[in-house]
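Enquirer: Can you keep this structure in mind? I'll have questions shortly.
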Amino acid sequence: MSDTPDYVEGDLVAPTLERPEGPAEPPDGAEGTRRLHELWVAGTEEPRWLAAATDEGAQEILPADVDPEVAYEAGAAVVDDYVAEPEPAPDERQIINLGPQHPSTHGVLRLQLELEGETIRRVKPIIGYLHTGMEKTAETLTYLQGGTNVTRMDYLSPFHNELCFSLVTEQLLGVEVPPRAQAIRVLMTELNRVASHLIWVATQGMDVGALSMMLYGWRERERILAFFEKVTGLRMNHNYIRPGGVAADLPDGWEEDVEELLERLPEGIAEYHELLDENPIFLDRTVGVGVITPAECHAYGITGPIARASGIAWDLRKAFPYSGIDRYDFDVPTGRHGDVYDRYLVRMAEMDESLKIVRQVLETMPAGDYRVDDAKVTPPPRKRIDESMEALIHHFKLFTEGFKVPPGEAYQAVESPRGELGMYLVSHGGSKPWRLHVRTPSFAAVQALPVMLTDSLVADLIATLASTDPVLGDVDR
Amino acid sequence: MTGVLLAAVKVAVAFGFLMGTVIVLVWAERRIVAFMQNRHGPNRAGPAGILQTAADGLKLFFKESMTPRKAEFALYIAAPVLAVVPALLVFAVIPVGAPITIGGVTYTLQVTDLDVGVLYVLAVSSLGVYAVTLAGWSSGSKYPLLGSVRAAAQMISYEAALGLALVPVIMFTGTTSLAEIVEAQGGTFGGGLPAWNLVLVPSFVIFLIAGFAETNRAPFDLVEAEQEIVGGYHTEYSGMRFAFFFLAEYINVFNMAALTTVFFLGGWHGPRFGPPAVEMALPVVWFLAKTWAIVFLFIWVRATLPRVRYDQLMAFGWKRLIPVSLVWIFLSMVAIGVRRFGLPWA
């Protein structure tokens with residue numbers, strides 16, 4: 001992408017540190033005990049301090065007398081932890097755990113805060129409370145089953161996960177899905193983007209104290225979910241977009257349903273604008289809060305609405321179009337300040353743009369098949385099974401063994417509501433992925449929380465956390 | 001002896017009235033907020049769910065009251081009591097209706113009328129901050145501590161604005177007795193407008209805003225901001241101890257609405273007509289109608305506005321409300337002087 005403007009201003013903030021020489025001393029009392037992490041690194045060149053970095057003891061925020069460079073290398077502190085002001089007396093600070101059970105951590109995120117009064121001096125996100133090993137699970141599921149797995153990662157935008165998984169599989173298979181399937185995929189993912197942003201606006205409102213906002217956001221989302229249920233049979237975790245196309249054609253009368261959505265959703269969105277846009281308390285709570293600069297976005301891998309709110313005009317739908325989305329006309333809204341309010345404006349505008357795409361899909365939906373006509377990838381129509389022995393065999397093979405994917409590696413990224421959702425697939429030629437790595441936007445957003453939160457107030461933390469819209473299923477996988 | 005008996009009856013009636021009010025108030029708040037949010041709200045227990053609060057109260061009564069190991073036990077159990085008692089005491093001086101005459105004896109519809117009623121109200125209601133602060137501190141837990149620090153700062157700051165907002169009222173009516181303040185609003189201005197203190201608009205607005213903060217209601221509910229500090233000062237309380245805080249909060253809301261009515265909306269004044277029995281009861285109806293209108297405002301605001309931040313709250317209190325109050329006190333002083341003595345050059 002040579003025409004991509006370079007938004008990085010100044011140097012990146014990551015310091016260049018020398019690794020400490022030789023293994024560091026293990027934490028007190030750890031001598032003689034075998035730890036899981038030591039087993040993992042046995043026989044490798046990794047020094048022991050790296051093994052200890054993920055130990056329970058290292059998860060404490062290190063005391064000030066520990067060398068900050070070591071703390072940084074061990075992952076117990078990040079660059080932004082360094083406080084320029086003189087250290088106050090230790091008893092003026094307290095360490096407080098926000099989460100994993102807390103009303104507004106959006107799941108099970110745990111934030112370890114060092115507070116001075118109500119001012120946050122240091123913050124450390126601790127993840128893993130929802131880790132269920134889904135990437136590893138993907139290696140035991142066929143490509144047809146894989147969709148049921150990935151759709152549960154970011155449970156607020158399941159279609160994007162399925163789309164990404166299908167696209168990366170199709171890349172290795174070398175199949176081209178028919179235009180109608182592409183259009184259906186765009187329709188569902190863009191509606192999903194609106195549904196996901198509706199959840200965000202609901203929780204953002206609730207977290208700054210506008211309780212009614214939550215119910216209003218839910219109300220509009222419910223309409224979209226009802227449409228999803230009609231099309232896929234499920235409200236969430238649909239497994240509808242599959243390698244080779246989609247699971248089923250759109251139901252009869254889908255045009256009227258979408259037409260009604262396009263009529264009702266803008267009404268609801270207009271109400272949110274009315275309720276929040278110029279509300280002085282909402283402005284006080286969001287303007288200038290949780291700022292992240294374009295340079296920091298680049299350094300921490302922030303993509304999606306958070307980066308766009310900082311002024312980075314980067315949208316994968318424009319940069320690397322997929323599923324024929326470049327056929328539709330839409331804009332990429334960007335902000336300038338990178339604060340919570342700009343993220344609010346960007347996401348609200350994105351909902352309008354998504355509805356614009358949905359309108360175009362509705363008007364230009366091509367006729368044709370909803371999945372690729374390749375008996376090795378998609379199951380035969382039910383009728384053919386009665387007539388053709390070959391079709392029966394294909395059906396049987398497809399649902400017992402699954403289709404085989406040629407050896408190779410592929411990366412595919414889609415613009416999920418939270419940013420760049422990427423899947424890196426390695427196939428060794430079997431009917432199951434050899435390795436599936438998922439690059440999730442929420443992970444990057446959570447790791448950048450210290451940048452946005454250091455030296456802010458507890459109330460700002462809640463507003464900022466909501467504005468980054470993390471899905472913990474997406475972070476932990 | 002009859003005086004003591006009369007006082008005892010009045011206290012019992014006032015107490016029962018407040019308890020009944022809280023039951024209706026909690027239910028009303030939940031229902032109204034629910035309707036504003038496209039929900040149904042409690043609608044199972046009793047007709048339209050009106051027994052929901054009683055059921056919740058009964059549940060809390062039978063719940064175990066747990067004490068954190070690090071709690072300062074004496075203060076920990078004293079705090080809920082400290083919350084409820086001042087809330088109940090404030091109501092003692094509020095006149096809920098015109099004096100009624102039965103069998104030649106006149107009874108005031110007020111537990112007691114103090115000459116220094118306004119000062120008494122301010123003094124007693126500011127005791128409430130002790131309950132919140134002590135509850136947060138004595139819990140021996142971090143979130144309650146944050147909540148109680150917020151509470152101490154907030155309630156002390158807005159206490160000042162609340163008091164200053166009443167100064168023009170006292171100057172205007174020339175008394176600090178609540179019954180006499182209501183009496184003074186009895187007549188009409190020319191043109192038939194009721195002579196309510198509502199003409200002191202800035203005072204009314206400041207008093208209302210400070211009242212929201214004083215009762216820890218949205219948008220100033222950061223003392224118990226669920227999204228930020230979980231439950232605030234009462235995070236570690238359960239069972240009846242929690243119920244006491246809950247009770248105190250809603251009594252305070254009703255008291256604040258009643259005080260707004262007394263100070264600015266003419267108290268129980270309103271058109272009186274009909275047969276003697278109806279005429280006698282009407283002032284109470286007017287008083288309750290006005291008070292519930294203010295209560296509805298409290299509920300409406302809660303369903304609409306986001307919550308302010310700690311530093312913004314303090315800045316608003318000290319940099320806006322208090323200076324405006326002081327300027328307004330000066331202006332009303334000049335106006336009252338002109339009204340009484342004429343223009344200095346005339």
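Residue numbering restarts at 1 in every chain; chains get A, B, ... in the order shown in the structure tokens, and ligands count up from 1 in that same order.
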Among stretch 182-284 of chain A, which residues carry a DSSP assignment of helix (DSSP H, G or I), reported as a ChimeraX atom specification?
Expert: /A:182-207,211-232,254-276,280-284
Enquirer: Find the residues of chain B in contact range of chain A, meaning any atom within 7 Å when counting only C-alpha atoms, and list them as a PyMOL selection string.
Expert: chain B and resi 37+226-228+230+303-309
Enquirer: Taking into account only C-alpha atoms, which residue in the set A:Met365, A:Ile241, A:Val438, A:Val175 is nearest to A:Pro406?
Expert: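 Closest to A:Pro406 of all the choices is A:Val175.
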Enquirer: For stretch 38-46 of chain B, work out the shell of residues within 12 Å, counting only C-alpha atoms and skipping chain neighbours fewer than 3 positions away, then give it as a ChimeraX atom specification.
Expert: /A:212-220 /B:26-35,49-56,303
